[in-house]
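Okay, structure first, notes after.
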Amino acid sequence: MNSFGTLFRITTFGESHGPGIGVVIDGCPAGIAVEVAAIQQALDRRRPGQSELTTPRSEADQVEVLSGIFGGQTTGTPIGLFIRNQDQASHDYSHIEHAYRPSHADYTYDQKYGRRDYRGGGRSSARETAARVAAGAIAAQFLAQHGITALSYVSQVGAVAVPVGYEQLDLSLIESNMVRCPHPETAEQMTTLIRQTRDRQDTVGGLVTGVVLGVPAGLGEPVFDKLHAELGKAMLSINAVKGFEYGSGFAGTLLFGSEHNDAFYTDEQGAVRTRTNHSGGIQGGISNGQDIYFRVAFKPVATILQPQPTINDQGEAITLAGKGRHDPCVLPRAVPIVDAMTNLVVADMLLRARANKA
């Protein structure tokens, strides 16, 4: 389906090479102060053509507010946002009208719908995520009023990884470089690797680390809609994502229970805290008041400019090379998408938590 969320719910629409893409947000409370400039700033972080490390497709991604905001505040009615496509180069895709690109959605869309929009992948294109970023920017402004902040950064590109955890980083440095890594020395190595990969007409993947600060205890549902399950679903819905882990993740399997358990204590202000945070701020599917942190794995971008063997829609063997404008590494532009999906999940859970108490 094209909708996400329960109480704070979004529905996105549009294709990569259509007139534009958009989102309808339903369930946002009335009276939330919204700065359209903040929505635009989030879109500017995701837009193509922002640096030498991204696709040269040039889209202003100028947001248009169609409904739901008046006098700088939400009205409680559906919020409509629209972003026009302006720099489509549909001719770049004429060679794949009947071809199945390796590791793309061409074949699976044909099998599901019996047809597909081959221009940039149509609905399967990551261009759709701009609508999510716009919606997430409104969710972020709602959460800010409750002291909650979501941040994410590139923590690994290929084999180049940040050597320390988020607690030891100055997260204000996320926007200080093109790759959006708050560890300057590692950021330089990442940038070099992406440039080298681009020059080889190849692509490279990596990891984005997400952190949510200021989350109160009690957000999340106890069984199927656990907070980490909803975060996982949100992240895995992003194009090119191959994995999600929160807290200690897979590394936690190497510890004994005596090492992994997070011991509770009461701090000087009388607040309940844990001495470690292997749980990643979530226990029993519900936030415990500690920082929430997770990692999202992104595969290398599937479109490469090298010839590859594949087949066409008649089952005939062909050789295909990518054309057009593509990212050698999706990670720098994925950061605001991870932020947006995090904000949408937490905003929805905050509203649901309100409904759980008398």
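A note on labels: chains of the structure tokens are A, B, ... as shown, every chain counts residues from 1, and ligands are counted from 1 in their shown order.
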
Could I get the residues of segment 139-165 of chain A with an atom no further than 8 Å from an atom of segment 202-214 of chain A, each paired with its nearest atom pair and that distance in Å to one decimal, using only C-alpha atoms, sorted by chain and residue number, as JSON lines?
```
{"residue": "A:Gly147", "atom": "CA", "partner": "A:Gly214", "partner_atom": "CA", "distance": 5.8}
{"residue": "A:Ile148", "atom": "CA", "partner": "A:Gly214", "partner_atom": "CA", "distance": 4.6}
{"residue": "A:Thr149", "atom": "CA", "partner": "A:Leu213", "partner_atom": "CA", "distance": 5.2}
{"residue": "A:Ala150", "atom": "CA", "partner": "A:Val212", "partner_atom": "CA", "distance": 4.3}
{"residue": "A:Leu151", "atom": "CA", "partner": "A:Val211", "partner_atom": "CA", "distance": 5.3}
{"residue": "A:Ser152", "atom": "CA", "partner": "A:Gly210", "partner_atom": "CA", "distance": 4.1}
{"residue": "A:Tyr153", "atom": "CA", "partner": "A:Thr209", "partner_atom": "CA", "distance": 5.5}
{"residue": "A:Val154", "atom": "CA", "partner": "A:Val208", "partner_atom": "CA", "distance": 4.5}
{"residue": "A:Ser155", "atom": "CA", "partner": "A:Val208", "partner_atom": "CA", "distance": 5.4}
{"residue": "A:Gln156", "atom": "CA", "partner": "A:Leu207", "partner_atom": "CA", "distance": 4.9}
{"residue": "A:Val157", "atom": "CA", "partner": "A:Gly206", "partner_atom": "CA", "distance": 4.3}
{"residue": "A:Gly158", "atom": "CA", "partner": "A:Gly206", "partner_atom": "CA", "distance": 5.3}
{"residue": "A:Ala159", "atom": "CA", "partner": "A:Gly206", "partner_atom": "CA", "distance": 7.9}
```

Discussion item. Please list as a list in words every residue within 12 Å of Ser237 of chain A, counting only C-alpha atoms and excluding residues in the same chain fewer than 3 positions away.
Written reply: Met1, Asn2, Ser3, Phe4, Ser124, Ala126, Glu128, Thr129, Arg132, Glu230, Leu231, Gly232, Lys233, Ala234, Ala240, Val241, Lys242, Gly243, Phe244, Val296, Phe298, Ile337, Val338, Met341 and Thr342 of chain A

Discussion item. Which residues are close to segment 172-183 of chain A, i.e. within 8 Å by only C-alpha atoms, leaving aside same-chain residues fewer than 5 positions away? Reply as a PyMOL selection string.
Written reply: chain A and resi 51+53+153-155+162+190-191+331-332+335

Fill in: Straight-line distance linking atom CA of Gln86 of chain A with atom CA of Ala131 of chain A, stated in Å to one decimal
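Spanning atom CA of Gln86 of chain A to atom CA of Ala131 of chain A is a straight-line distance of 15.2 Å.
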
Item to complete: Using DSSP on the backbone, list every residue of segment 122-285 of chain A that comes out as helix (DSSP H, G or I), and give them as a PyMOL selection string.
Response: chain A and resi 122-124+126-144+166-168+171-176+184-199+227-236+249-254+257-260

Worksheet item: Closest to Asp106 of chain A among A:Glu221, A:Ile286, A:Gly122, A:Gln145, using only C-alpha atoms?
Response: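 The closest residue to Asp106 of chain A is A:Gly122.
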
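Nearest to Val63 of chain A of all the residues A:Leu254, A:Ala38, A:Ala229, A:Met235 is A:Ala38, counting only C-alpha atoms.
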
Item to complete: Output as an NGL selection string all residues of segment 11-190 of chain A that backbone DSSP marks as strand (DSSP E).
Response: :A and (11-14 or 20-26 or 63-67 or 69-70 or 73-74 or 79-84 or 149-157 or 160-161)

Can you write just those residues out, N, CA and C atoms, as an mmCIF file, in the first residue's frame?
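Resulting contents of again_5.cif:
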```cif
data_model
loop_
_atom_site.group_PDB
_atom_site.id
_atom_site.type_symbol
_atom_site.label_atom_id
_atom_site.label_comp_id
_atom_site.auth_asym_id
_atom_site.auth_seq_id
_atom_site.Cartn_x
_atom_site.Cartn_y
_atom_site.Cartn_z
ATOM 1 N N THR A 11 0.087 9.327 3.188
ATOM 2 C CA THR A 11 -0.111 8.628 1.919
ATOM 3 C C THR A 11 0.656 9.399 0.860
ATOM 4 N N THR A 12 1.601 8.728 0.184
ATOM 5 C CA THR A 12 2.376 9.390 -0.852
ATOM 6 C C THR A 12 1.855 9.000 -2.233
ATOM 7 N N PHE A 13 2.146 9.858 -3.220
ATOM 8 C CA PHE A 13 1.707 9.587 -4.587
ATOM 9 C C PHE A 13 2.693 10.207 -5.567
ATOM 10 N N GLY A 14 2.640 9.738 -6.815
ATOM 11 C CA GLY A 14 3.470 10.301 -7.874
ATOM 12 C C GLY A 14 4.586 9.372 -8.304
ATOM 13 N N GLY A 20 4.855 15.293 -10.812
ATOM 14 C CA GLY A 20 5.418 15.574 -9.500
ATOM 15 C C GLY A 20 5.090 14.473 -8.523
ATOM 16 N N ILE A 21 5.501 14.676 -7.290
ATOM 17 C CA ILE A 21 5.209 13.731 -6.219
ATOM 18 C C ILE A 21 4.615 14.509 -5.062
ATOM 19 N N GLY A 22 3.867 13.809 -4.220
ATOM 20 C CA GLY A 22 3.231 14.510 -3.119
ATOM 21 C C GLY A 22 2.869 13.588 -1.985
ATOM 22 N N VAL A 23 2.340 14.193 -0.919
ATOM 23 C CA VAL A 23 1.961 13.437 0.271
ATOM 24 C C VAL A 23 0.763 14.107 0.921
ATOM 25 N N VAL A 24 -0.120 13.270 1.460
ATOM 26 C CA VAL A 24 -1.228 13.735 2.293
ATOM 27 C C VAL A 24 -0.976 13.219 3.697
ATOM 28 N N ILE A 25 -0.966 14.124 4.657
ATOM 29 C CA ILE A 25 -0.756 13.774 6.065
ATOM 30 C C ILE A 25 -2.087 13.888 6.785
ATOM 31 N N ASP A 26 -2.513 12.793 7.374
ATOM 32 C CA ASP A 26 -3.782 12.792 8.112
ATOM 33 C C ASP A 26 -3.498 12.503 9.577
ATOM 34 N N VAL A 63 8.674 22.863 -2.273
ATOM 35 C CA VAL A 63 7.439 22.321 -1.724
ATOM 36 C C VAL A 63 6.287 23.317 -1.897
ATOM 37 N N GLU A 64 5.134 22.806 -2.233
ATOM 38 C CA GLU A 64 3.905 23.596 -2.310
ATOM 39 C C GLU A 64 2.931 23.061 -1.267
ATOM 40 N N VAL A 65 2.442 23.929 -0.409
ATOM 41 C CA VAL A 65 1.465 23.539 0.607
ATOM 42 C C VAL A 65 0.071 23.714 0.016
ATOM 43 N N LEU A 66 -0.645 22.612 -0.119
ATOM 44 C CA LEU A 66 -1.969 22.647 -0.744
ATOM 45 C C LEU A 66 -3.096 22.792 0.269
ATOM 46 N N SER A 67 -2.885 22.311 1.497
ATOM 47 C CA SER A 67 -3.973 22.351 2.480
ATOM 48 C C SER A 67 -3.435 22.032 3.861
ATOM 49 N N ILE A 69 -2.593 23.826 6.508
ATOM 50 C CA ILE A 69 -1.780 24.776 7.270
ATOM 51 C C ILE A 69 -2.312 26.172 6.994
ATOM 52 N N PHE A 70 -2.612 26.902 8.057
ATOM 53 C CA PHE A 70 -3.147 28.258 7.915
ATOM 54 C C PHE A 70 -2.598 29.120 9.035
ATOM 55 N N GLN A 73 0.084 27.524 11.317
ATOM 56 C CA GLN A 73 -0.248 26.418 12.206
ATOM 57 C C GLN A 73 -1.089 25.377 11.475
ATOM 58 N N THR A 74 -0.990 24.139 11.952
ATOM 59 C CA THR A 74 -1.842 23.087 11.385
ATOM 60 C C THR A 74 -3.287 23.318 11.804
ATOM 61 N N ILE A 79 -3.193 17.522 5.581
ATOM 62 C CA ILE A 79 -2.154 18.404 5.056
ATOM 63 C C ILE A 79 -1.704 17.852 3.706
ATOM 64 N N GLY A 80 -1.808 18.669 2.672
ATOM 65 C CA GLY A 80 -1.379 18.264 1.342
ATOM 66 C C GLY A 80 -0.113 18.994 0.928
ATOM 67 N N LEU A 81 0.916 18.253 0.535
ATOM 68 C CA LEU A 81 2.178 18.837 0.083
ATOM 69 C C LEU A 81 2.502 18.285 -1.294
ATOM 70 N N PHE A 82 3.013 19.135 -2.178
ATOM 71 C CA PHE A 82 3.307 18.704 -3.547
ATOM 72 C C PHE A 82 4.662 19.246 -3.978
ATOM 73 N N ILE A 83 5.425 18.416 -4.702
ATOM 74 C CA ILE A 83 6.754 18.772 -5.202
ATOM 75 C C ILE A 83 6.786 18.458 -6.688
ATOM 76 N N ARG A 84 6.976 19.461 -7.507
ATOM 77 C CA ARG A 84 6.944 19.259 -8.957
ATOM 78 C C ARG A 84 8.276 18.707 -9.475
ATOM 79 N N THR A 149 14.195 14.779 19.471
ATOM 80 C CA THR A 149 14.983 15.082 18.291
ATOM 81 C C THR A 149 15.519 13.798 17.677
ATOM 82 N N ALA A 150 15.361 13.638 16.372
ATOM 83 C CA ALA A 150 15.920 12.502 15.643
ATOM 84 C C ALA A 150 17.069 12.990 14.765
ATOM 85 N N LEU A 151 18.185 12.289 14.821
ATOM 86 C CA LEU A 151 19.364 12.615 14.027
ATOM 87 C C LEU A 151 19.894 11.332 13.400
ATOM 88 N N SER A 152 20.494 11.435 12.230
ATOM 89 C CA SER A 152 21.174 10.279 11.660
ATOM 90 C C SER A 152 22.400 10.767 10.893
ATOM 91 N N TYR A 153 23.333 9.848 10.675
ATOM 92 C CA TYR A 153 24.574 10.204 9.997
ATOM 93 C C TYR A 153 25.143 8.971 9.309
ATOM 94 N N VAL A 154 26.023 9.205 8.349
ATOM 95 C CA VAL A 154 26.689 8.107 7.647
ATOM 96 C C VAL A 154 27.800 7.585 8.554
ATOM 97 N N SER A 155 27.690 6.331 8.937
ATOM 98 C CA SER A 155 28.673 5.744 9.851
ATOM 99 C C SER A 155 29.604 4.760 9.156
ATOM 100 N N GLN A 156 29.273 4.382 7.914
ATOM 101 C CA GLN A 156 30.168 3.493 7.168
ATOM 102 C C GLN A 156 29.889 3.616 5.682
ATOM 103 N N VAL A 157 30.954 3.650 4.881
ATOM 104 C CA VAL A 157 30.869 3.564 3.422
ATOM 105 C C VAL A 157 31.824 2.459 2.996
ATOM 106 N N VAL A 160 35.006 1.508 5.044
ATOM 107 C CA VAL A 160 35.452 2.668 5.832
ATOM 108 C C VAL A 160 34.382 2.995 6.868
ATOM 109 N N ALA A 161 34.715 2.810 8.146
ATOM 110 C CA ALA A 161 33.721 2.968 9.200
ATOM 111 C C ALA A 161 34.178 3.947 10.274
#
```

Practice prompt. May I have the residues within 8 Å of segment 41-45 of chain A as a PyMOL selection string, using only C-alpha atoms and disregarding those fewer than 5 positions away in the same chain?
Written response: chain A and resi 50+60-62+130+133-134+137+333+336

Would you mind exporting N, CA, C and O atoms of the selected residues as a PDB file, in the first residue's frame?
```pdb
ATOM      1  N   GLN A  50      23.094  18.164  -5.150  1.00  0.00           N
ATOM      2  CA  GLN A  50      23.546  19.046  -4.074  1.00  0.00           C
ATOM      3  C   GLN A  50      25.053  19.051  -3.885  1.00  0.00           C
ATOM      4  O   GLN A  50      25.595  19.935  -3.235  1.00  0.00           O
ATOM      5  N   ALA A  60      14.884  21.464  -7.917  1.00  0.00           N
ATOM      6  CA  ALA A  60      14.770  22.429  -6.821  1.00  0.00           C
ATOM      7  C   ALA A  60      14.007  21.840  -5.651  1.00  0.00           C
ATOM      8  O   ALA A  60      14.200  22.229  -4.498  1.00  0.00           O
ATOM      9  N   ASP A  61      13.117  20.878  -5.943  1.00  0.00           N
ATOM     10  CA  ASP A  61      12.287  20.244  -4.912  1.00  0.00           C
ATOM     11  C   ASP A  61      11.573  21.292  -4.056  1.00  0.00           C
ATOM     12  O   ASP A  61      11.559  21.221  -2.821  1.00  0.00           O
ATOM     13  N   GLN A  62      10.983  22.266  -4.728  1.00  0.00           N
ATOM     14  CA  GLN A  62      10.276  23.332  -4.030  1.00  0.00           C
ATOM     15  C   GLN A  62       8.925  22.818  -3.559  1.00  0.00           C
ATOM     16  O   GLN A  62       8.107  22.373  -4.359  1.00  0.00           O
ATOM     17  N   ALA A 130      11.145  11.868  -1.473  1.00  0.00           N
ATOM     18  CA  ALA A 130      11.046  13.310  -1.207  1.00  0.00           C
ATOM     19  C   ALA A 130       9.733  13.632  -0.502  1.00  0.00           C
ATOM     20  O   ALA A 130       9.683  14.507   0.375  1.00  0.00           O
ATOM     21  N   VAL A 133      10.144  12.847   3.102  1.00  0.00           N
ATOM     22  CA  VAL A 133      10.974  13.840   3.783  1.00  0.00           C
ATOM     23  C   VAL A 133      10.140  15.079   4.126  1.00  0.00           C
ATOM     24  O   VAL A 133      10.267  15.641   5.219  1.00  0.00           O
ATOM     25  N   ALA A 134       9.271  15.487   3.212  1.00  0.00           N
ATOM     26  CA  ALA A 134       8.410  16.643   3.477  1.00  0.00           C
ATOM     27  C   ALA A 134       7.487  16.361   4.655  1.00  0.00           C
ATOM     28  O   ALA A 134       7.316  17.199   5.554  1.00  0.00           O
ATOM     29  N   ALA A 137       9.335  16.281   7.979  1.00  0.00           N
ATOM     30  CA  ALA A 137       9.703  17.594   8.493  1.00  0.00           C
ATOM     31  C   ALA A 137       8.587  18.187   9.347  1.00  0.00           C
ATOM     32  O   ALA A 137       8.854  18.915  10.317  1.00  0.00           O
ATOM     33  N   ARG A 333      22.512  11.215   0.757  1.00  0.00           N
ATOM     34  CA  ARG A 333      21.127  11.665   0.561  1.00  0.00           C
ATOM     35  C   ARG A 333      20.131  10.809   1.334  1.00  0.00           C
ATOM     36  O   ARG A 333      18.960  11.194   1.475  1.00  0.00           O
ATOM     37  N   PRO A 336      18.649  12.302   5.406  1.00  0.00           N
ATOM     38  CA  PRO A 336      17.378  12.966   5.702  1.00  0.00           C
ATOM     39  C   PRO A 336      16.171  12.050   5.536  1.00  0.00           C
ATOM     40  O   PRO A 336      15.122  12.299   6.151  1.00  0.00           O
TER      41      PRO A 336
END
```

Item to complete: Figure out the distance between atom CA of Gly285 of chain A and atom CA of Asp225 of chain A, please, to one decimal in Å.
Response: 7.7 Å

Between segment 233-326 of chain A and segment 109-118 of chain A, at 12 Å or less, what are the per-residue closest atom pairs and their distances in Å? Count only C-alpha atoms, order by chain and rising residue number, and return it as JSON lines.
```
{"residue": "A:Asn312", "atom": "CA", "partner": "A:Asp110", "partner_atom": "CA", "distance": 11.5}
{"residue": "A:Asp313", "atom": "CA", "partner": "A:Asp110", "partner_atom": "CA", "distance": 8.7}
{"residue": "A:Gln314", "atom": "CA", "partner": "A:Asp110", "partner_atom": "CA", "distance": 11.9}
```

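Proximity of A:Asn277, A:Thr303, A:Thr192, A:Asn356 to Glu52 of chain A, computed with only C-alpha atoms, is greatest for A:Thr192.
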
Item to complete: Find the residue from A:Arg9, A:Arg198, A:Arg101, A:His228 that sits nearest to Arg295 of chain A; use only C-alpha atoms when measuring.
Response: A:His228

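The gap separating atom CA of Leu143 of chain A from atom CA of Leu344 of chain A is 9.4 Å, in Å to one decimal.
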
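When only C-alpha atoms are used to compute distances to Asn85 of chain A, the closest of the residues A:Arg127, A:Arg275, A:Arg46, A:Arg352 turns out to be A:Arg127.
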
Item to complete: Mind checking which residues fall within 8 Å of Ala347 of chain A, counting only C-alpha atoms, ignoring those fewer than 4 positions away in the same chain, and posting them as a PyMOL selection string?
Response: chain A and resi 8+139-140+142-143+343+351

Discussion item. Calculated over only C-alpha atoms, which of the candidates A:Leu227, A:Ile318, A:Leu255, A:Cys329 has the smallest distance to Phe294 of chain A?
Written reply: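 Of the candidates, the smallest distance to Phe294 of chain A is held by A:Leu227.
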